[in-house]
Structures are given as structure tokens and as C-alpha cells.
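Trainee: So I've got this file, coords28.csv, and it contains CSV, C-alpha atoms:
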chain,number,residue,atom,x,y,z
F,1,MET,CA,41.5,0.5,0.4
F,2,ALA,CA,38.9,-2.2,0.7
F,3,GLU,CA,36.0,-1.4,3.1
F,4,ARG,CA,33.0,-3.2,4.5
F,5,ILE,CA,30.1,-1.3,2.9
F,6,VAL,CA,26.3,-1.8,3.5
F,7,VAL,CA,24.3,-1.2,0.3
F,8,GLY,CA,20.7,-0.1,0.6
F,9,MET,CA,19.1,-2.3,-2.0
F,10,SER,CA,15.6,-1.2,-3.1
F,11,GLY,CA,15.1,-3.9,-5.7
F,12,GLY,CA,15.8,-1.6,-8.6
F,13,VAL,CA,18.6,-1.3,-11.1
F,14,ASP,CA,20.5,1.6,-9.6
F,15,SER,CA,21.1,0.1,-6.2
F,16,SER,CA,21.8,-3.3,-7.8
F,17,VAL,CA,24.6,-1.9,-10.0
F,18,ALA,CA,25.9,0.1,-7.0
F,19,ALA,CA,26.4,-3.1,-5.2
F,20,ALA,CA,28.0,-4.8,-8.2
F,21,LEU,CA,30.5,-2.0,-8.7
F,22,LEU,CA,31.6,-2.1,-5.1
F,23,VAL,CA,32.1,-5.9,-5.3
F,24,GLU,CA,34.2,-5.4,-8.5
F,25,GLN,CA,36.3,-2.8,-6.5
F,26,GLY,CA,37.1,-5.5,-3.9
F,27,HIS,CA,35.0,-4.2,-1.0
F,28,GLU,CA,33.2,-6.4,1.4
F,29,VAL,CA,29.6,-5.7,0.5
F,30,VAL,CA,26.5,-6.4,2.6
F,31,GLY,CA,23.1,-6.0,0.9
F,32,VAL,CA,20.2,-4.7,3.0
F,33,THR,CA,16.6,-3.9,2.2
F,34,LEU,CA,14.6,-1.9,4.7
F,35,ARG,CA,11.1,-3.4,5.0
F,36,VAL,CA,9.0,-0.3,5.3
F,37,TRP,CA,5.7,-1.8,4.1
F,38,PRO,CA,3.2,-3.5,6.6
F,39,GLY,CA,3.9,-7.1,7.4
F,40,ARG,CA,0.6,-7.9,5.9
F,41,GLU,CA,-0.6,-5.3,3.3
F,42,PRO,CA,-4.2,-4.3,3.8
F,43,GLU,CA,-6.7,-4.7,1.0
F,44,GLU,CA,-7.7,-1.1,0.8
F,45,GLY,CA,-5.8,0.5,-2.0
F,46,GLY,CA,-5.2,3.8,-0.2
F,47,LYS,CA,-3.3,1.9,2.6
F,48,ARG,CA,-1.1,-0.2,0.4
F,49,PHE,CA,2.4,0.7,-0.5
F,50,GLY,CA,3.7,1.6,-4.0
F,51,SER,CA,5.7,-0.5,-6.3
F,52,CYS,CA,9.2,0.3,-5.1
F,53,CYS,CA,8.2,-0.4,-1.5
F,54,ALA,CA,6.3,-3.6,-2.3
F,55,PRO,CA,7.4,-7.0,-1.0
F,56,GLU,CA,8.4,-8.1,-4.5
F,57,ALA,CA,11.2,-5.6,-4.5
F,58,ALA,CA,12.9,-7.5,-1.7
F,59,HIS,CA,12.7,-10.7,-3.8
F,60,ASP,CA,14.6,-8.9,-6.7
F,61,ALA,CA,17.1,-7.5,-4.3
F,62,ARG,CA,17.7,-10.9,-2.8
F,63,GLU,CA,18.2,-12.4,-6.3
F,64,VAL,CA,20.7,-9.7,-7.1
F,65,ALA,CA,22.6,-10.4,-3.9
F,66,ARG,CA,22.7,-14.1,-4.7
F,67,ARG,CA,24.0,-13.3,-8.2
F,68,LEU,CA,26.8,-11.1,-6.7
F,69,GLY,CA,27.6,-13.6,-4.0
F,70,ILE,CA,27.1,-11.2,-1.1
F,71,PRO,CA,25.1,-11.6,2.2
F,72,TYR,CA,21.7,-10.1,2.2
F,73,TYR,CA,19.4,-9.0,5.0
F,74,LEU,CA,15.8,-7.8,5.1
F,75,LEU,CA,15.4,-5.4,8.1
F,76,ASN,CA,12.1,-4.5,9.6
F,77,SER,CA,11.8,-0.7,9.5
F,78,GLU,CA,8.0,-0.4,9.2
F,79,ARG,CA,7.4,1.5,12.5
F,80,GLU,CA,10.3,3.8,12.1
F,81,PHE,CA,9.4,4.7,8.5
F,82,ASP,CA,5.8,5.3,9.4
F,83,GLU,CA,6.7,7.6,12.3
F,84,THR,CA,9.6,9.4,10.6
F,85,VAL,CA,8.5,9.7,7.0
F,86,VAL,CA,4.8,8.8,6.5
F,87,GLU,CA,3.4,10.6,9.5
F,88,ARG,CA,5.4,13.7,8.8
F,89,PHE,CA,4.1,13.7,5.2
F,90,ALA,CA,0.5,13.7,6.5
F,91,LEU,CA,1.2,16.4,9.2
F,92,GLU,CA,2.8,18.7,6.7
F,93,TYR,CA,-0.3,18.5,4.4
F,94,ARG,CA,-2.5,19.3,7.4
F,95,ALA,CA,-0.4,22.4,7.9
F,96,GLY,CA,-0.8,23.4,4.2
F,97,ARG,CA,2.7,22.6,3.3
F,98,THR,CA,4.2,20.2,0.7
F,99,PRO,CA,6.9,17.9,2.1
F,100,VAL,CA,9.5,16.1,0.1
F,101,PRO,CA,9.5,12.6,1.8
F,102,CYS,CA,12.6,11.4,0.0
F,103,VAL,CA,14.6,14.1,1.7
F,104,VAL,CA,13.5,13.0,5.1
F,105,CYS,CA,14.0,9.4,4.3
F,106,ASN,CA,17.6,10.0,3.1
F,107,GLN,CA,18.4,12.1,6.2
F,108,LYS,CA,16.7,10.1,8.9
F,109,VAL,CA,16.5,6.6,7.6
F,110,LYS,CA,19.1,5.7,4.9
F,111,PHE,CA,21.9,7.8,6.3
F,112,GLY,CA,20.4,7.9,9.8
F,113,SER,CA,19.3,4.7,11.3
F,114,LEU,CA,20.7,2.4,8.6
F,115,LEU,CA,24.1,4.1,8.9
F,116,HIS,CA,23.9,3.5,12.7
F,117,ARG,CA,23.2,-0.2,12.1
F,118,ALA,CA,26.1,-0.3,9.6
F,119,ARG,CA,28.4,1.1,12.2
F,120,ALA,CA,27.3,-1.6,14.6
F,121,TRP,CA,28.4,-4.1,11.9
F,122,GLU,CA,31.8,-2.4,11.7
F,123,ALA,CA,31.0,-1.1,8.2
F,124,ALA,CA,32.7,2.0,7.0
F,125,ALA,CA,29.9,3.4,4.9
F,126,VAL,CA,26.4,3.1,3.5
F,127,ALA,CA,26.0,3.0,-0.3
F,128,THR,CA,22.8,3.7,-2.4
F,129,GLY,CA,21.9,4.1,-6.0
F,130,HIS,CA,21.6,7.9,-6.0
F,131,TYR,CA,22.8,9.9,-9.0
F,132,ALA,CA,25.1,12.2,-7.1
F,133,ARG,CA,28.8,12.5,-6.3
F,134,ILE,CA,31.0,13.1,-3.3
F,135,THR,CA,34.5,14.4,-3.0
F,136,ARG,CA,36.7,15.8,-0.2
F,137,ASP,CA,38.1,19.3,-0.3
F,138,GLU,CA,41.8,18.8,0.5
F,139,ARG,CA,42.2,22.4,1.5
F,140,THR,CA,39.3,22.7,4.0
F,141,GLY,CA,38.7,19.0,4.8
F,142,ARG,CA,35.0,19.4,4.0
F,143,MET,CA,33.0,16.8,2.2
F,144,LEU,CA,31.5,18.2,-1.0
F,145,LEU,CA,28.3,17.1,-2.7
F,146,TRP,CA,28.0,17.4,-6.5
F,147,ARG,CA,25.3,16.8,-9.0
F,148,GLY,CA,25.2,13.4,-10.7
F,149,ARG,CA,27.0,13.2,-14.0
F,150,ASP,CA,23.7,12.4,-15.8
F,151,GLU,CA,21.9,15.7,-15.6
F,152,ARG,CA,18.5,14.1,-16.4
F,153,LYS,CA,18.8,11.8,-13.4
F,154,ASP,CA,20.6,14.0,-10.9
F,155,GLN,CA,19.3,13.5,-7.3
F,156,SER,CA,21.5,15.8,-5.4
F,157,ASP,CA,18.5,17.9,-4.4
F,158,PHE,CA,17.3,15.1,-2.3
F,159,LEU,CA,20.5,14.9,-0.3
F,160,TRP,CA,21.1,18.5,0.8
F,161,PRO,CA,20.4,17.8,4.5
F,162,LEU,CA,23.2,15.3,4.9
F,163,THR,CA,25.8,16.4,7.5
F,164,GLN,CA,29.5,16.3,7.0
F,165,ALA,CA,29.6,13.0,9.0
F,166,GLN,CA,26.9,11.5,6.9
F,167,LEU,CA,28.5,12.5,3.6
F,168,ALA,CA,31.9,11.1,4.8
F,169,ALA,CA,30.1,7.7,5.3
F,170,ALA,CA,28.1,7.8,2.1
F,171,ARG,CA,29.0,6.1,-1.2
F,172,PHE,CA,27.2,6.8,-4.5
F,173,PRO,CA,28.8,4.3,-6.9
F,174,VAL,CA,26.6,5.2,-10.0
F,175,GLY,CA,27.0,8.9,-9.6
F,176,ASP,CA,29.5,9.1,-12.4
F,177,MET,CA,27.4,7.0,-14.8
F,178,THR,CA,24.4,7.7,-17.0
F,179,LYS,CA,21.2,5.8,-16.6
F,180,ASP,CA,21.7,4.0,-19.9
F,181,ALA,CA,25.2,2.9,-18.8
F,182,VAL,CA,23.8,1.6,-15.6
F,183,ARG,CA,21.2,-0.5,-17.4
F,184,ASP,CA,23.9,-1.8,-19.8
F,185,ARG,CA,26.1,-2.9,-16.9
F,186,ALA,CA,23.2,-4.6,-15.2
F,187,ARG,CA,22.4,-6.5,-18.4
F,188,ALA,CA,26.0,-7.5,-18.9
F,189,LEU,CA,26.0,-8.9,-15.3
F,190,GLY,CA,22.8,-10.7,-15.8
F,191,LEU,CA,21.0,-8.9,-13.0
F,192,VAL,CA,17.2,-9.5,-12.7
F,193,THR,CA,16.7,-5.8,-12.2
F,194,ALA,CA,18.3,-4.7,-15.4
F,195,ASP,CA,15.0,-3.6,-17.0
F,196,THR,CA,13.1,-2.6,-13.9
F,197,PRO,CA,10.8,0.3,-14.8
F,198,GLU,CA,11.5,3.7,-13.5
F,199,SER,CA,9.9,4.7,-10.2
F,200,GLN,CA,7.9,7.9,-10.8
F,201,GLU,CA,5.8,8.0,-7.7
F,202,ILE,CA,6.3,8.6,-4.0
F,203,CYS,CA,7.2,5.1,-2.8
F,204,PHE,CA,4.5,4.6,-0.2
F,205,ILE,CA,1.7,6.2,-2.3
F,206,PRO,CA,-0.3,3.4,-4.2
F,207,ASP,CA,-1.1,4.2,-7.8
F,208,ASP,CA,0.4,7.7,-7.4
F,209,ASP,CA,-2.9,8.8,-5.7
F,210,TYR,CA,-1.7,11.0,-2.8
F,211,ARG,CA,-5.1,12.5,-2.3
F,212,GLY,CA,-6.6,9.1,-1.8
F,213,PHE,CA,-3.8,8.2,0.6
F,214,LEU,CA,-4.3,11.3,2.6
F,215,ARG,CA,-8.1,10.9,2.7
F,216,LEU,CA,-7.5,7.7,4.6
F,217,ARG,CA,-4.6,8.9,6.7
F,218,SER,CA,-5.8,12.4,7.4
F,219,PRO,CA,-9.5,12.9,6.6
F,220,ASP,CA,-9.6,16.1,8.6
F,221,ALA,CA,-7.3,17.7,5.9
F,222,PHE,CA,-10.3,17.7,3.6
F,223,ARG,CA,-12.6,20.1,5.3
F,224,PRO,CA,-14.6,22.3,2.9
F,225,GLY,CA,-14.0,26.0,3.1
F,226,PRO,CA,-14.1,29.3,1.2
F,227,ILE,CA,-12.4,30.2,-2.1
F,228,VAL,CA,-11.5,33.9,-1.9
F,229,ASP,CA,-9.6,36.5,-4.0
F,230,GLY,CA,-6.7,38.6,-2.8
F,231,GLN,CA,-9.1,41.1,-1.1
F,232,GLY,CA,-10.8,38.3,0.8
F,233,THR,CA,-14.0,38.4,-1.2
F,234,VAL,CA,-15.7,34.9,-1.2
F,235,LEU,CA,-16.0,33.5,-4.7
F,236,GLY,CA,-17.0,29.9,-4.0
F,237,ARG,CA,-16.4,26.8,-1.9
F,238,HIS,CA,-13.6,24.2,-2.0
F,239,GLN,CA,-13.7,20.6,-1.0
F,240,GLY,CA,-10.5,20.3,1.0
F,241,LEU,CA,-7.0,22.0,0.5
F,242,PRO,CA,-5.2,18.9,-0.7
F,243,ASN,CA,-7.5,18.9,-3.8
F,244,TYR,CA,-5.8,22.1,-5.0
F,245,THR,CA,-2.4,23.2,-6.1
F,246,VAL,CA,-0.7,26.6,-6.7
F,247,GLY,CA,-1.1,27.5,-10.4
F,248,GLN,CA,-4.2,25.4,-10.8
F,249,ARG,CA,-6.9,26.9,-13.1
F,250,ARG,CA,-9.3,24.0,-14.0
F,251,GLY,CA,-11.6,22.4,-11.5
F,252,LEU,CA,-12.2,25.5,-9.3
F,253,GLY,CA,-15.9,25.7,-10.1
F,254,LEU,CA,-15.8,29.5,-10.4
F,255,SER,CA,-17.4,31.7,-13.0
F,256,GLY,CA,-16.8,35.4,-13.8
F,257,GLY,CA,-15.2,35.5,-17.3
F,258,ARG,CA,-11.6,36.1,-16.2
F,259,PRO,CA,-9.0,33.3,-15.8
F,260,LEU,CA,-8.2,32.7,-12.1
F,261,TYR,CA,-5.5,30.5,-10.7
F,262,VAL,CA,-4.8,29.2,-7.2
F,263,THR,CA,-2.2,31.5,-5.7
F,264,ALA,CA,-2.1,30.3,-2.1
F,265,LEU,CA,-3.6,27.9,0.4
F,266,ASP,CA,-4.2,29.3,3.9
F,267,ALA,CA,-4.3,26.3,6.3
F,268,ASP,CA,-5.0,28.5,9.3
F,269,ARG,CA,-8.2,29.8,7.7
F,270,ASN,CA,-8.8,26.7,5.6
F,271,THR,CA,-9.0,29.0,2.6
F,272,VAL,CA,-8.1,28.7,-1.1
F,273,VAL,CA,-6.8,32.0,-2.5
F,274,VAL,CA,-7.2,32.7,-6.2
F,275,GLY,CA,-6.0,35.5,-8.5
F,276,PRO,CA,-4.5,36.3,-11.9
F,277,ALA,CA,-1.5,34.3,-13.2
F,278,GLU,CA,1.1,36.8,-12.1
F,279,GLU,CA,0.1,36.4,-8.5
F,280,THR,CA,1.4,32.8,-8.6
F,281,GLU,CA,4.9,34.3,-8.9
F,282,ALA,CA,7.4,35.4,-6.2
F,283,ASP,CA,10.9,36.8,-6.3
F,284,ARG,CA,11.9,36.1,-2.7
F,285,LEU,CA,11.7,33.2,-0.3
F,286,TRP,CA,12.8,32.5,3.3
F,287,ALA,CA,14.2,29.1,4.1
F,288,GLU,CA,14.6,27.3,7.5
F,289,GLN,CA,16.4,24.2,8.6
F,290,VAL,CA,19.3,25.3,6.4
F,291,ASN,CA,22.2,22.9,6.0
F,292,LEU,CA,25.4,24.3,4.3
F,293,ILE,CA,27.8,21.8,2.7
F,294,SER,CA,30.5,23.5,0.7
F,295,ILE,CA,30.9,26.3,3.3
F,296,GLU,CA,30.8,26.2,7.1
F,297,ARG,CA,28.5,29.2,7.5
F,298,LEU,CA,27.0,32.1,5.5
F,299,ASP,CA,28.4,35.5,6.6
F,300,GLY,CA,27.3,37.6,3.6
F,301,PRO,CA,25.5,37.4,0.2
F,302,VAL,CA,26.4,34.5,-2.0
F,303,GLN,CA,25.6,34.2,-5.7
F,304,VAL,CA,24.0,30.8,-6.6
F,305,THR,CA,21.5,29.1,-8.8
F,306,ALA,CA,18.6,27.9,-6.7
F,307,ARG,CA,16.3,25.0,-7.4
F,308,ILE,CA,12.8,25.1,-5.8
F,309,ARG,CA,11.5,21.7,-6.8
F,310,HIS,CA,13.0,18.6,-8.5
F,311,ASN,CA,12.0,19.4,-12.1
F,312,HIS,CA,12.8,23.1,-11.7
F,313,VAL,CA,15.6,24.6,-13.8
F,314,PRO,CA,17.9,26.3,-11.2
F,315,ALA,CA,17.5,30.1,-11.4
F,316,ALA,CA,20.0,32.8,-10.6
F,317,ALA,CA,19.6,34.0,-7.1
F,318,THR,CA,21.4,35.6,-4.1
F,319,VAL,CA,21.3,33.9,-0.7
F,320,LEU,CA,21.6,36.2,2.3
F,321,PRO,CA,22.1,35.1,6.0
F,322,GLY,CA,19.3,35.4,8.5
F,323,PRO,CA,18.9,34.9,12.2
F,324,ALA,CA,18.9,31.4,13.7
F,325,GLY,CA,15.6,29.6,13.9
F,326,ASP,CA,14.1,27.9,17.0
F,327,ASP,CA,16.2,24.9,16.3
F,328,GLY,CA,19.4,26.9,16.4
F,329,ARG,CA,20.0,26.5,12.7
F,330,GLN,CA,20.6,29.4,10.4
F,331,ARG,CA,17.8,30.7,8.3
F,332,VAL,CA,18.3,32.4,4.9
F,333,GLU,CA,16.6,34.8,2.5
F,334,VAL,CA,16.8,33.9,-1.2
F,335,ARG,CA,16.3,36.7,-3.8
F,336,PHE,CA,15.7,35.6,-7.3
F,337,ALA,CA,16.9,37.7,-10.3
F,338,THR,CA,13.5,37.0,-11.9
F,339,PRO,CA,10.2,35.9,-10.4
F,340,GLN,CA,9.6,32.2,-10.0
F,341,ARG,CA,6.3,30.5,-10.4
F,342,ALA,CA,4.6,28.5,-7.6
F,343,ILE,CA,7.2,28.5,-4.9
F,344,SER,CA,5.8,26.1,-2.3
F,345,PRO,CA,6.4,26.1,1.5
F,346,GLY,CA,7.6,22.6,2.7
F,347,GLN,CA,9.5,22.0,-0.5
F,348,SER,CA,13.3,22.1,-0.7
F,349,VAL,CA,15.3,25.0,-2.0
F,350,VAL,CA,18.8,23.9,-3.0
F,351,PHE,CA,21.7,26.1,-3.8
F,352,TYR,CA,24.3,25.4,-6.5
F,353,GLN,CA,27.5,26.9,-7.9
F,354,GLY,CA,27.8,25.0,-11.1
F,355,ASP,CA,27.5,21.3,-10.2
F,356,LEU,CA,28.6,21.9,-6.6
F,357,VAL,CA,25.8,21.8,-3.9
F,358,VAL,CA,26.4,24.8,-1.6
F,359,GLY,CA,23.5,23.7,0.7
F,360,GLY,CA,19.8,23.8,1.0
F,361,GLY,CA,16.8,24.4,3.2
F,362,VAL,CA,13.0,24.1,3.6
F,363,ILE,CA,11.0,26.8,2.1
F,364,ALA,CA,9.0,28.6,4.8
F,365,ARG,CA,7.6,31.8,3.2
F,366,THR,CA,7.6,33.8,0.0
F,367,SER,CA,6.9,37.4,-1.1
F,368,ARG,CA,6.5,39.3,-4.4
F,369,GLY,CA,8.1,42.6,-5.4
F,370,GLY,CA,10.4,42.8,-2.4
F,371,VAL,CA,7.9,44.9,-0.4
F,372,GLY,CA,5.5,44.1,2.4
F,373,ALA,CA,5.6,41.2,4.8
F,374,PRO,CA,6.5,37.8,3.6
F,375,ARG,CA,3.4,35.8,2.6
F,376,THR,CA,2.8,32.1,3.0
F,377,VAL,CA,2.2,30.4,-0.3
F,378,ALA,CA,0.6,27.0,-0.5
F,379,HIS,CA,1.7,23.7,-1.9
F,380,ARG,CA,2.0,22.1,-5.3
F,381,GLU,CA,1.8,18.5,-6.2
F,382,PRO,CA,4.4,16.3,-4.4
F,383,PRO,CA,7.6,16.1,-6.5
F,384,ARG,CA,7.3,13.7,-9.4
F,385,GLY,CA,9.8,11.7,-11.3
F,386,ASN,CA,13.1,10.1,-10.2
F,387,THR,CA,12.3,10.7,-6.6
F,388,CYS,CA,14.2,7.7,-5.2
F,389,PRO,CA,17.0,5.5,-6.5
F,390,LYS,CA,16.0,2.1,-7.8
Now, as a test, write the supplied structure out as C-alpha cells.
Mentor:
Amino acid sequence: MAERIVVGMSGGVDSSVAAALLVEQGHEVVGVTLRVWPGREPEEGGKRFGSCCAPEAAHDAREVARRLGIPYYLLNSEREFDETVVERFALEYRAGRTPVPCVVCNQKVKFGSLLHRARAWEAAAVATGHYARITRDERTGRMLLWRGRDERKDQSDFLWPLTQAQLAAARFPVGDMTKDAVRDRARALGLVTADTPESQEICFIPDDDYRGFLRLRSPDAFRPGPIVDGQGTVLGRHQGLPNYTVGQRRGLGLSGGRPLYVTALDADRNTVVVGPAEETEADRLWAEQVNLISIERLDGPVQVTARIRHNHVPAAATVLPGPAGDDGRQRVEVRFATPQRAISPGQSVVFYQGDLVVGGGVIARTSRGGVGAPRTVAHREPPRGNTCPK
């Protein structure tokens, strides 16, 4: 059945082909680009937006819409994006956590405020260029989220917070395609975005320099402090927590003859903790803000594979129910069959059974060896590669 569908067009090939496929299917398609960059971009590099949020992206999206013969709108979302995505990114770093801004953008912006606007236009759904798939379970009536057909480009781990209502109103037209097939289709259609380069950075971080961005946005996050070992012995000084990542060995400025790695960042004490390589591993984590998709709630242990960052190969794990958090949402414990390296609070943990997304949550704490109180482990670099659909 033909629907009116709003397509979020980023100026890249994925969203362009998503719009084209929906037109071919007979839907009434409306192209929209959310303007999240400043009306006048500042000269300072650290304040300018990255390539896929740059003004030229809107030009390409408009050209694609013209080619497809669909209406196109550029909507001002600068203030909302700054408050919802960018400010949260900075706040999380100040707290010693590593956020995944694309997850927040999908939940609050693309399938939040944009979906709300689409409803006002009497549209049935919002479509994007994500490599993921959605079906409906005829037995339970639940909407199900699946990995994209192209395993290299799968973006299901950025969509785990979507509610049942949001999934019901989401369309991912390229989810059954490979990236090569998407580009081939764009070339066949003569779309200006057919050979648009891949976006490998966080969209609002210029030149992939998140430290430079944070220095301007949150200079207080770069307070010097001590570098200590696991026993609290001071071994040196650091120049601000965002300069360090779990698992890092080089650039610590320490001597002593034995290899030391960053094992944790303690934001409360403004401390970098170092130790041997094995101390970067953990076999348990606790997640909050959990959203379950394939099941309504977790009443007992469930066997899954769990992904702890975008480029992580999902590892065998057991998910166990925990008490509700302050937000009323269920928390869970995840026990891995084998220890995992550099599990980072603030990142997403996503649960799979095969290609089916069971659900996900935000990593809060980790522990090693299954004994003792959970310990807070600090952040890694922000997730790289394939972060947002183009």
C-alpha cells in the first residue's frame, strides 16, 4: 500500500538511494535535511561541523530530490541538535564516559522530533539510509530489528533504543542491499551522490579531531592530574582525561621498564589508572537505560552474543535481569564467556541472537573475575567508521 514517507536525506548515497527506492515503489516521498550546523559556520576549526553535516550536503540532497521529482525541505534543527546531541556528548566526556552520539541522534532526532514533524504532515513513516532491517512478528505483534544484509555496513547497533512505536514508523529501504549494490543503483539513476566518500567521523567533529572539539567546548575536561597504578601509587602526571584511552600504551610519559596500559579513567578523582595488559579486560558489565526489542521483558537468563562497540565482533554472553534504574527502566548484568578488552562506560552494549537484535543498553560498570564490587572503567576513542548513514 502506498504511503506518504518522509526521508531523512543527509546528502550521501545511502539516503539518496533509500528515497529513490521508495519512489520506485509508488510511495509519496518527501525529502528532508535537518540543518544541524550553525547558520554561519565559525572560522575556528574546532567549532566547525564535519563533512556530512556541512552545508554542501544539503545542496547534494536537493539535487537528488530534483532528480527524483520529489519535494524537498531544509529544516532548521541547530538548537535541538546542539542541546540533545552535542551538549550530551560533551557532558559525558566530562563524566569520564564515552557516548555514542549517533545512538542519541537516531532516538531523539531522526525518529524523535523528525518523526513528530512527519506525523504533522500526515506521513506514515520516516525513512533513512541505515543498513538494518525491520519485520513484524505475526505471533506476538512486536516489531523486530535485524542486522543489515551487508555485514560490513550493518548499523543495527546504533538503533537499539528505538521503541516499538518508533520501529513501526521506521523504514530502512537499503537494509537488504550491499553497499556496492547501493552505489550501482545510484549510478544507474544518475544521482550526484553516487560516489560520495564514506563518512568515517562523528558528523559534528571537524577533521575527526574530537579532542580539539572538546578543548573548545569543555576546556574544564582537560585538567591535569595524577597517573596511578592499581594500588594508588602515583607514577606520573596526565594532561587531561580526554587525551587517554583504555588500552593505550604509548604517550604516557612513564618509565620503569615494564609495559603499562591505561586500564581506567576515574573522573571523580581526575585520575588515569594504569596496569598490565590483562587489567584492560573484564568479563562482566552492568548496563542501564535498557531497551528490549524482540522480547517484552527479561525474566531470567538469556543467551546472546553481545557487541560492546561498533567494530567489536559480538561475543558469547549471558544477560541477566537486574533491578529497575532511577528512570524506571530495567537494568541488566552481562556475563561474557571470555574476558573482553576495553569495555567502556557510556558506549552501547547490544544483544543479538543470530541477526536478530534482542535489545541493548548503555554500559555503566564492569568487573573482572566475577568477584568484588563492579568497577568503573573509562572510555575509548569515540566509535569510528560507518557511524551514520550517508
Trainee: Between F:Arg133, F:Arg147, F:Arg139, F:Lys153, which residue has the minimum interatomic distance to Pro173 of chain F, considering only C-alpha atoms?
Mentor: F:Arg133
Trainee: Please determine, counting all atoms listed in the file, which residue among F:Ser367, F:Arg250, F:Cys203, F:Gly275 has the shortest atom-to-atom distance to Gln231 of chain F.
Mentor: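 Smallest separation from Gln231 of chain F among the options: F:Gly275.
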Trainee: Counting only C-alpha atoms, write as number ranges by chain all protein and nucleic acid residues lying at most 12 Å from (16.1, 8.0, 10.0) in the file's frame.
Mentor: F: 34, 36, 77-86, 101-117, 162, 166
Trainee: Write out as a list in words which residues come within 6 Å of Pro314 of chain F when counting all atoms listed in the file, dropping same-chain ones fewer than 5 positions away.
Mentor: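 Here the answer would be Thr305, Ala306 and Arg307 of chain F.
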Trainee: When you count all atoms listed in the file, which of these residues is closest to Glu281 of chain F: F:Val319, F:Ala364, F:Ile293, F:Ile343?
Mentor: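 When distances to Glu281 of chain F are compared using all atoms listed in the file, the smallest one comes from F:Ile343.
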Trainee: Give me, please, the distance in Å between atom CA of Ala90 of chain F and atom CA of Arg309 of chain F, quoted to one decimal.
Mentor: 19.0 Å
Trainee: I want to know what sits within 7 Å of Gly360 of chain F, based on only C-alpha atoms, with residues of the same chain fewer than 5 positions away left out; could you give that as a ChimeraX atom specification?
Mentor: /F:160-161,290-292,348-351
Trainee: Quick one: residues within 10 Å of Gly129 of chain F, all atoms listed in the file counted, chain neighbours fewer than 6 positions away excluded, as JSON, numbers by chain?
Mentor: {"F": [7, 8, 9, 10, 12, 13, 14, 15, 16, 17, 18, 19, 155, 171, 172, 173, 174, 175, 388, 389, 390]}
Trainee: Quick check, in Å to one decimal: how far apart do atom CA of Arg211 of chain F and atom CA of Ile308 of chain F lie?
Mentor: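 Going from atom CA of Arg211 of chain F over to atom CA of Ile308 of chain F covers 22.2 Å.
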Trainee: Which one is closest to Ala264 of chain F: F:Arg97, F:Arg136, F:Arg297, F:His310? Count all atoms listed in the file.
Mentor: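 Nearest candidate to Ala264 of chain F out of F:Arg97, F:Arg136, F:Arg297, F:His310: F:Arg97.
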Trainee: Nearest to Asp180 of chain F among F:Asp220, F:Asp195, F:Glu279, F:Asp299, with distances taken over only C-alpha atoms: which residue is it?
Mentor: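 Using only C-alpha atoms, the shortest distance to Asp180 of chain F belongs to F:Asp195.
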Trainee: Using all atoms listed in the file, collect all residues at a distance of at most 10 Å from (-12.6, 21.9, 8.1) as written in the file, then present them as an MDAnalysis selection string.
Mentor: chainID F and resid 219:225 239:241 267 269:271
Trainee: Can you tell me how far atom CA of Tyr73 of chain F sits from atom CA of Thr33 of chain F, in Å to one decimal?
Mentor: 6.5 Å
Trainee: For a quick check of understanding, using only C-alpha atoms, which of F:Asn311, F:Gly359, F:Gly230, F:Ala342 has the smallest distance to Gln289 of chain F?
Mentor: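 Smallest distance to Gln289 of chain F is found for F:Gly359.
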Trainee: Give me the residues within 12 Å of Leu320 of chain F as a PyMOL selection string, counting only C-alpha atoms and dropping any in the same chain fewer than 2 places off.
Mentor: chain F and resi 284-287+290+297-304+317-318+322-323+330-336+351
Trainee: Quick one: residues within 6 Å of Val262 of chain F, all atoms listed in the file, excluding same-chain residues fewer than 3 positions away - as a VMD selection string?
Mentor: chain F and resid 246 to 248 273 to 274
